[in-house]
Structure formats: structure tokens, C-alpha cells
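Asks: Following this message is one structure expressed as C-alpha cells.
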Amino acid sequence: MKNTSMEKSYPSSIILAAKLIVLCLTIVLAYTLRSVLVPLMFAVVISIMLYPVCHWLERMKLPRAAASIISVILATLILSGLLYFIVHQVIVIGRDGQDIADNFGKIYDSIQQFIARRFGVEPGTITSQIREQAHQSLSGMGKYLTSAFSSAGGTLASGVLVPIYTFFFLYYRDFFKDFLIQAMRGAGATKVLETINRIYNVIQSYLLGLVTVMGIVAVLNTAGLMVLGIEYAWFFGTLAAILILLPYIGVAVGSIVPALFALATMDSYWYALGVIGWFQVVQFLEGNFITPNIVGGKVSLNPLIAIISLLLGGMLFGLGGLILAIPMVAVMKIIFDMTDSTRPFSFLIGEPDKEHLKKDSYDHLIDKHDVQKNEGLPLD
């Protein structure tokens, strides 16, 4: 009540400006501390996912410390096994690198001859232009390689710190809950605990649904590649499924890689077109049937807000931000729903109701807010 009376004592424009300033400062601070925040956010998400396992081990009479350590070890083994599978398959495919390069050379020669016959462009001209473009691209590569190698230490450190953070989040979870209750006394302990439980349920349901979707997509991708006779079908099918973690971008990359491999290893370009076509079918099934039925409304976000959050997450935190964007915005939606002053932001993040999309939605809006129609109101 105090916050409400205080807000009423200031003009709405000043309150809005203050909120925007706080938002900008928060974004600047998050960008500055991204090397610390990204591992912490991953640890929070992983600890929430591991909570049922840890809780079950505690019910089996294990001490909380032992249950937390075992849960973290299990997650580390699973992720390490997945990483080993990907790296091992890349090494195996790399053994045939010379044959693949020779095939690409033949394809390049065929394209040159086709362009020369069709457009009368000399092959040497095409080669020189490609070399010029390659030189321009490679000239800036040193900068990116230097940046990548300089961040390798930070990436390695994050890989070590995430399991440690996850252990402490599991082990001290009630301690952190007590802190949140004390920090938000105005909301009430019951409200805070209900919000924490909602966050747990949303994150767990979303991640479990996402893993299920990835498994189904991996099987469908692999089945299509096997029918087409593409080698390493399980690797390419699983890789494309994992790349679902990167919305919009991952699907494109996941289909291009096996298509290029098919173009280099098969005797016809129709196989590459078949790979792209099948992956597009799987993408259609995933987006319209698989994900809506499995994940459903677990994370009901406005699609526009979801796209903006992905862009901001990528700009602020890089690859990790793309992966964490959707669950973090879902958490923000739940937190905003706690108080009356921030509930409009929760409304904005969420999906519009059906009433907002109907032909008579404007009339419904007027009736909902009990506004009298007159000539001064904006038209529908």
C-alpha cells in the first residue's frame, strides 16, 4: 500500500521515466557482469531441473550434501556423454575429409563450367572474384580468432563453475528461499513461496518438454536421413535436434550441414534437396504439432516478446543468452505477476487472449475497461 500511495504522489511521466532508467541501468549492469551472470543463470536452470532427483535421493535417507553431489555428477555424466558423442562423430567424419574436399572440388568445377556456358563468364574470372572475397573475409578472421581464444579460458572456467554453482543452489535452496522471503516482506511469505513453486514448475515442465521434443525430432531426422542413405544419420539427426535450443537459427543450421555433406558424398544433388525438404517437413511437424502438444502453454509468451528476448539475449550474453532467453523471460513473467505495479508487464509478456484477436476486439476492450464511446476515442 505504501508503494501505491507513493506512486500516486508523483506524475505518471516521472514514474515511467524512473522505471525506464532502472531498466537501462539493469541491462548495462547485466552486460558488464555477463561473464559471471551466464554461468549463474545456467546453474539456476540446471539446479531447478535436478531438484526432483535431489529430492528423491533425500527421501531415500541420503544427506542433502550427498544427494546434491550425486545429482550434479549424474547431470555432468549425461552432458559429457552427449558432448563425447558429438566430438567423436566429428573426428570420424573428419577422417574422410580429403574425399569430401575432392568431391567439393568436382562440384565447384561443374558449377564453373555451367556458369561459363550459360552466362559466358570465364572460369578464371569467377575464381579470382571468389579469392578476392575470401581474402577480404579472412583478413578480419584474425580478430575473431583472437577473441575466441581469449575467451576460451573464460569458457573453460564457466564449465567448471557451473557444476559448483549448481551444487550450492541445491544444497542451500531453503536458505535462498528464506532470503527471498525476508527480502520481499511486503509480498508475504506465502506469496513468495507460491511464486518460487510456479517458477520451478514452469522451468521443469518447459525443459522436460523440450528434451522430449528434441528426442522425437532426432528420431524423425535420423529416419529421413537413413531412408535417403546418408552416412552418419544418427549424428546429423541428433545434432539438428540439439540445435532446437537455438530458436529460428538452429533449424536452418541443422538442415544445411547434412545437406552439404550429402552434396559432397552422394552422386546427385537431389539427395541434398531431399535432406532440406525432409528437415522442413520435420520443422513443420515440430512447430505445429509436436511442440504445441508436448510443451503446450507451459511457457505462454508473446511471440513478439520471444523474438525480442532472443535478440537481446544474443546481444548481451552471446550463445548462452540465446539458450537462456525463453526460460528467463518466462521467470520474469511470473515475478512481474507478483505485484499490482508490475502485473501489466506480465500481461505484455504473455500471449494475447482470444478476445484480443477477434473482429470485435475493440468493442470488447471498451466494455472490459468500462469506457464510454465518444468521438474523442481512437478508432478501431
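Ordering of the C-alpha cells sets the chain letters (A, B, ...); residue numbers start at 1 within each chain; ligands are numbered from 1 in the order shown.
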Tell me, as a PyMOL selection string, which residues lie within 10 Å of region 35-49 of chain A, counting only C-alpha atoms; anything in the same chain fewer than 3 positions away does not count.

Replies: chain A and resi 30-32+52-54+68+71-72+75+151+154-155+157-171+173+199-208+316-321+323-324+327-328

Asks: I'd like to know which of A:Asp267, A:Asp363, A:Glu351, A:Glu194 is closest to Ile334 (chain A), using only C-alpha atoms.

Replies: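 For Ile334 (chain A), the nearest of the candidates is A:Glu194.
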
Asks: From the options A:Ile86, A:Met184, A:Ile78, A:Ile216, which residue's atoms come nearest to Phe289 (chain A), counting only C-alpha atoms?

Replies: A:Ile216

Asks: Name the closest residue to Glu286 (chain A) among the candidates A:Ala223, A:Leu304, A:Ala187, A:Val213; distances are taken between atoms, counting only C-alpha atoms.

Replies: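 Distance minimum relative to Glu286 (chain A) lands on A:Val213.
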
Asks: Tell me, which residues of region 182-278 of chain A carry DSSP alpha helix (DSSP H), written as JSON, numbers by chain?

Replies: {"A": [182, 183, 189, 190, 191, 192, 193, 194, 195, 196, 197, 198, 199, 200, 201, 202, 203, 204, 205, 206, 207, 208, 209, 210, 211, 212, 213, 214, 215, 216, 217, 218, 219, 220, 221, 222, 223, 224, 225, 226, 227, 228, 233, 234, 235, 236, 237, 238, 239, 240, 241, 242, 249, 250, 251, 252, 253, 254, 255, 256, 257, 258, 259, 260, 261, 262, 263, 264, 265, 270, 271, 272, 273, 274, 275, 276, 277, 278]}

Asks: May I ask which of the residues A:Thr291, A:Asp370, A:Leu57, A:Leu50 is the closest one to Thr76 (chain A), counting only C-alpha atoms?

Replies: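 Among the listed residues, A:Leu50 lies closest to Thr76 (chain A).
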
Asks: So, with only C-alpha atoms as the atoms that count, which of A:Asn288, A:Thr195, A:Asn302, A:Gln280 lies closest to Val253 (chain A)?

Replies: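 Going through A:Asn288, A:Thr195, A:Asn302, A:Gln280 one by one, the smallest distance to Val253 (chain A) is for A:Gln280.
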